[in-house]
Every structure is written in structure tokens, then in C-alpha cells.
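See structure below.
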Amino acid sequence: MPCFAALDVSQETTAICVVDDNGTIIAETTVATCPDVITSYLRDRAPNLSRVGLETGPLAVWLWNELAARQLPVLCIDARHANAALKMRPVKTDRNDAAGLAQIMRVGWFKQVRIKSHDRYQVRSLLTARETLVRIRVKIENELRGLLRTFGVLFGKRVGGFTGRAHEIICGELEASPEMRIIAETLIKARASVCDQIKVLDTRLAAIARANPTVKLFMTAPGVGIITALSVVSAFDDASRFKRSSSAGAYLGLAPRRYESGETSRNGRISKQGDKMVRKHLYEAATTLLTRNLRSSSLKTWGMKLAKVSGLKKARIAVARKLAVALHAMWKTNTPFRWTQSAA
């Protein structure tokens, strides 16, 4: 008789539950979060294992890869989808969650999550690290502006950029204030150090982009640079992932929500599901496409018409969705961006 198992994973321990085809629990325990220990237990207590599932989480990628390498039929399922069923249990424990997940695996009521390739996760880690450093740089800049504003020194915008204006203030308006000068110099040095580390990551990302033909293909689209192209490639992972390119926008949370019940039927705002960082990069690319003096294209013309009717903000979101769909179609057909409607 086939059996099904589930893992409720935490940092130190993992609760395991095994059920048969009728839903009867035949084995359950708590073991250390170690792939070898988990594999050994499942092979001993579940010889006819059909499926073993675990929820998405911090350790899901590592554990899925390790268990798959040990020839276990492991699946990763959406934690939010599983939580809808687990909420029916009055008492939440790791043991109960594992038992509930095992029943979900048995009946097949789950949404499988794709585990991307190792290279894609490496690129995403680089992008995430860069995003963190950029946020730190912006926070330092805003903090310096706010501190100087308290003493009547307005930073403003001058020729020479942020660093040039900062040195001008330190050597001029802060000459008579040694305490504020120390603070400003310290923050400027911290910002310079962060900027140096951002350049290191930018150099690495540029090297990866030069070696990736798909990234080069994406960069033929207007507004799409190295960061956006790598971000989209790491999110999609494989062109065959979606049967239709129109699904790419919904996957990234750029399609509107839909609510329908009885006689009520309405569209809401975008769902904002999926990868927030990729959605942000596409939004920035759409902003560049619509507001910079770039070569005209059918996509820009469509976006500008929509901006006149619905406003620039909604137009940027709509163009970001269309851009995601276009990039996936480009990848699927291996063709560069088509600037005119007639060419498309």
C-alpha cells in the first residue's frame, strides 16, 4: 500500500508523520534536521513512499536539494496554501502540523513550489546583497540630510553629486562646528565604504551578465539593464516554466486581484504576490521607459496613452506587467525586443 509523509521543519528539529492510503498514521517522530537522519527514518518506516512534502521556508531549498539527491520523492509546497488547511486544527504544534501536512500530501490538495537551480539562487543572493547595501547607502544619505537640516544647513542638489556637496558643507558651513563636522565626516566615510562594496557586487553581476545570453537578450528591451535582466532571469529560471507568457505578469504579482461572489464581480489592485524585488526592478524599468528620452516603441506609445487616461502611476504598473510578459516571450522564442507593432 502506498504511503505519504510530511516534514514540519524547524532549525534544530523536524517533525515527521507518515500516513497510509486511508489516512491512518503509521509512524511519527521528531528527529534532528539532518538529511541523512530524515532519509534513514523514511526508508525504514515508509518503504512504499509515494510523496513526501515540506513547506516553503528558510531551510526548504537546502533540504529539498539534499533529499532529492538521496532519491526521495520530495515536493515543496506553498506554506500559505497549506496554512489554509492547517488553521482548521484547534491546537498548533509541530506534531499536529506534520500530521496535517501528511494528509494534504495524501489527498493531493497542495500547490507545488518550484525549486530553482543553484546558479539562480546565487544570482538572487548577489542581487539581495546589493539591494541591502543600496538601502544602507540611502539611509546614511537621508540621515546626514536630516541632521544638517536641524542646524539650518540645507543639503540641496549641486553639481558634483552627493560627495562633492558633502565636502563643500564640511569645509564651509561646518567649519565653526567641530562636533557636527566629525559626525558628517564619519557618515561620509561610511557611505564611501558602502559604495565601494556596491561596486564590487556590480562588477560581479556585470561579469555574470556578459556570460549569459538570456540576459543579453533581455537587455535589448527598453529600460532593461543588467540588474533588471538578471532579476527576471533568476525569478523565471526556465522559459518552459509557463505555458503562456501572459502568466508571467500574474506570477510576479502584477495582475489585478479578482473577487467574485454571487452577483458581485470586481477587479481590485494588483495582487503583489511573488518576488517583491523583481516587481520593483520591473517597475523601475517601466518608469525609465516612460519618462526617459528613449527610442520610441509600441510599448512606450501604449503606456503614454494609458498615462493620459489613468495616470502615470497606473501606467507604470501596466507597462511593468507587459514588460514581464514580453521578456518571457523573448526568452521562449529567442528573439530580441521588437520595437514596432508591425514587427511584432
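Residue numbering restarts at 1 in every chain; chains get A, B, ... in the order shown in the C-alpha cells, and ligands count up from 1 in that same order.
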
* To do: Can you list, as JSON, numbers by chain, all residues belonging to region 116-341 of chain A that DSSP tags as strand (DSSP E)?
  => {"A": [256, 257, 258, 259, 260, 261, 264, 265, 266, 267, 268, 269, 270]}

Store the residues of this selection in a file with C-alpha atoms, as a compact mmCIF listing (two decimals), in the first residue's frame.
# COMPACT_ATOMS: atom_id res chain seq x y z
CA PRO A 256 -5.16 42.64 -10.66
CA ARG A 257 -6.94 40.67 -7.96
CA ARG A 258 -10.32 39.21 -8.84
CA TYR A 259 -13.24 38.95 -6.42
CA GLU A 260 -16.46 37.24 -7.47
CA SER A 261 -19.31 36.07 -5.24
CA THR A 264 -20.68 40.75 -7.05
CA SER A 265 -17.82 40.76 -9.53
CA ARG A 266 -14.96 43.24 -9.44
CA ASN A 267 -11.27 43.66 -10.12
CA GLY A 268 -9.04 45.04 -7.41
CA ARG A 269 -5.50 46.32 -7.20
CA ILE A 270 -2.57 44.18 -8.26

* Residue set, region 155-341 of chain A restricted to alpha helix (DSSP H), as an MDAnalysis selection string -> chainID A and resid 161:171 178:210 213:218 226:236 247:251 276:291 298:310 312:333

* **Given only C-alpha atoms as the counted atoms, nearest of A:Met304, A:Ala285, A:Cys195, A:Val325 to Ala255 (chain A)** =>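 Ranked by minimum distance to Ala255 (chain A), first place goes to A:Val325.
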
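Using only C-alpha atoms, the shortest contact distance between Val233 (chain A) and any of A:Asn142, A:Thr214, A:Ser296, A:Ser245 is found at A:Thr214.
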
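Using only C-alpha atoms, the protein and nucleic acid residues lying no more than 8 Å from Leu144 (chain A), apart from those fewer than 3 places from it along its own chain, are A:Ile140, A:Glu141, A:Leu147, A:Leu148, A:Ala184, A:Leu187.
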
Keeping only C-alpha atoms, write those residues as an mmCIF file, in the first residue's frame.
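Result went into selection13.cif, see below:
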data_model
loop_
_atom_site.group_PDB
_atom_site.id
_atom_site.type_symbol
_atom_site.label_atom_id
_atom_site.label_comp_id
_atom_site.auth_asym_id
_atom_site.auth_seq_id
_atom_site.Cartn_x
_atom_site.Cartn_y
_atom_site.Cartn_z
ATOM 1 C CA ILE A 140 23.046 57.231 5.503
ATOM 2 C CA GLU A 141 22.359 59.975 2.976
ATOM 3 C CA LEU A 147 20.999 66.063 10.896
ATOM 4 C CA LEU A 148 22.271 69.047 8.923
ATOM 5 C CA ALA A 184 29.359 64.440 8.868
ATOM 6 C CA LEU A 187 28.863 59.321 7.809
#

* Structure fact -> If you count only C-alpha atoms, the residue of A:Asp78, A:Ala318, A:Leu252, A:Lys243 closest to Gly274 (chain A) turns out to be A:Leu252

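One distance worth recording is that between CA of Cys17 (chain A) and CA of Ala98 (chain A), which is 5.5 Å.
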
* Asked: Near Leu127 (chain A), counting only C-alpha atoms, which residues have an atom at most 9 Å away, once you skip same-chain residues fewer than 5 positions from it, shown as a list in words?
  ->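 So, after excluding close chain neighbours, the residues are Gln122, Thr132, Leu201, Leu205, Ile227, Leu230, Ser231 and Met277 of chain A.
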
* Between CA of Thr333 (chain A) and CA of Val278 (chain A), distance in Å (one decimal) ->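 If I compute the distance from CA of Thr333 (chain A) to CA of Val278 (chain A), I get 21.6 Å.
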
List every residue of region 65-147 of chain A that has an atom at most 12 Å from any atom of region 27-38 of chain A, giving for each one its closest atom pair and the distance in Å to one decimal, counting only C-alpha atoms, sorted by chain and then by ascending residue number, as a Markdown table.
| residue | atom | partner | partner_atom | distance |
| --- | --- | --- | --- | --- |
| A:Asn65 | CA | A:Pro35 | CA | 9.5 |
| A:Glu66 | CA | A:Pro35 | CA | 6.2 |
| A:Leu67 | CA | A:Pro35 | CA | 6.2 |
| A:Ala68 | CA | A:Pro35 | CA | 9.9 |
| A:Ala69 | CA | A:Pro35 | CA | 9.9 |
| A:Arg70 | CA | A:Pro35 | CA | 8.6 |
| A:Gln71 | CA | A:Pro35 | CA | 11.6 |
| A:Leu72 | CA | A:Ile38 | CA | 10.3 |
| A:Val74 | CA | A:Ile38 | CA | 11.7 |
| A:Thr93 | CA | A:Thr30 | CA | 11.9 |
| A:Asp94 | CA | A:Thr30 | CA | 8.9 |
| A:Arg95 | CA | A:Thr29 | CA | 7.9 |
| A:Asn96 | CA | A:Glu28 | CA | 10.2 |
| A:Asp97 | CA | A:Glu28 | CA | 11.5 |
| A:Ala98 | CA | A:Glu28 | CA | 8.5 |
| A:Ala99 | CA | A:Glu28 | CA | 8.2 |
| A:Gly100 | CA | A:Glu28 | CA | 11.9 |
| A:Ala102 | CA | A:Glu28 | CA | 10.3 |

* To do: Determine, counting only C-alpha atoms, which protein, DNA and RNA residues have an atom within 12 Å of an atom of Thr220 (chain A); residues of the same chain fewer than 5 positions away are not included. Present the result as a list in words.
  =>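 Non-adjacent residues within range: Pro213, Thr214, Val215, Gly225, Ile226, Thr228, Ala229, Arg295, Leu323, Ala326, Leu327, Met330, Trp331, Asn334, Thr335, Pro336, Phe337, Arg338 and Trp339 of chain A.
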
* **Surrounding residues of Asn22 (chain A) excluding itself and chain neighbours under 5 positions, 10 Å, only C-alpha atoms, as an NGL selection string** => :A and (1-3 or 103 or 106-107)

Can you write just those residues out, N, CA and C atoms, as an mmCIF file, in the first residue's frame?
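Saved to again_23.cif:
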data_model
loop_
_atom_site.group_PDB
_atom_site.id
_atom_site.type_symbol
_atom_site.label_atom_id
_atom_site.label_comp_id
_atom_site.auth_asym_id
_atom_site.auth_seq_id
_atom_site.Cartn_x
_atom_site.Cartn_y
_atom_site.Cartn_z
ATOM 1 N N MET A 1 0.850 -1.192 0.000
ATOM 2 C CA MET A 1 0.000 0.000 0.000
ATOM 3 C C MET A 1 0.891 1.250 0.000
ATOM 4 N N PRO A 2 0.602 2.225 -0.871
ATOM 5 C CA PRO A 2 1.416 3.442 -0.888
ATOM 6 C C PRO A 2 1.221 4.259 0.379
ATOM 7 N N CYS A 3 2.249 4.982 0.761
ATOM 8 C CA CYS A 3 2.150 5.832 1.942
ATOM 9 C C CYS A 3 2.703 7.212 1.614
ATOM 10 N N GLN A 103 -1.661 14.549 5.573
ATOM 11 C CA GLN A 103 -2.989 14.362 4.969
ATOM 12 C C GLN A 103 -3.122 15.168 3.684
ATOM 13 N N ARG A 106 -1.480 13.309 1.028
ATOM 14 C CA ARG A 106 -2.255 12.115 0.643
ATOM 15 C C ARG A 106 -3.355 12.458 -0.341
ATOM 16 N N VAL A 107 -4.119 13.528 -0.042
ATOM 17 C CA VAL A 107 -5.265 13.866 -0.901
ATOM 18 C C VAL A 107 -4.848 14.696 -2.111
#

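Residues lying within 9 Å of Ile169 (chain A), counting only C-alpha atoms and ignoring same-chain neighbours fewer than 5 positions away, are A:Val153, A:Phe155, A:Gly164, A:Leu174, A:Glu175, A:Arg181.
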
Residue subset to file, keeping C-alpha atoms, as a PDB file, in the first residue's frame:
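New file result19.pdb:
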ATOM      1  CA  VAL A 153      22.227  73.594   6.751  1.00  0.00           C
ATOM      2  CA  PHE A 155      21.988  69.905   1.562  1.00  0.00           C
ATOM      3  CA  GLY A 164      31.080  66.913  -3.668  1.00  0.00           C
ATOM      4  CA  LEU A 174      30.531  73.292   9.369  1.00  0.00           C
ATOM      5  CA  GLU A 175      33.930  74.916   9.843  1.00  0.00           C
ATOM      6  CA  ARG A 181      31.904  68.140  11.318  1.00  0.00           C
TER       7      ARG A 181
END

* Asked: Hey, can you check how far CA of Thr128 (chain A) sits from CA of Arg204 (chain A)?
  -> 13.4 Å

* Asked: Given the choices A:Asp237, A:Asp119, A:Asp21, A:Glu173, which gets closest to Ile104 (chain A) if the distance is worked out from only C-alpha atoms?
  -> A:Asp21
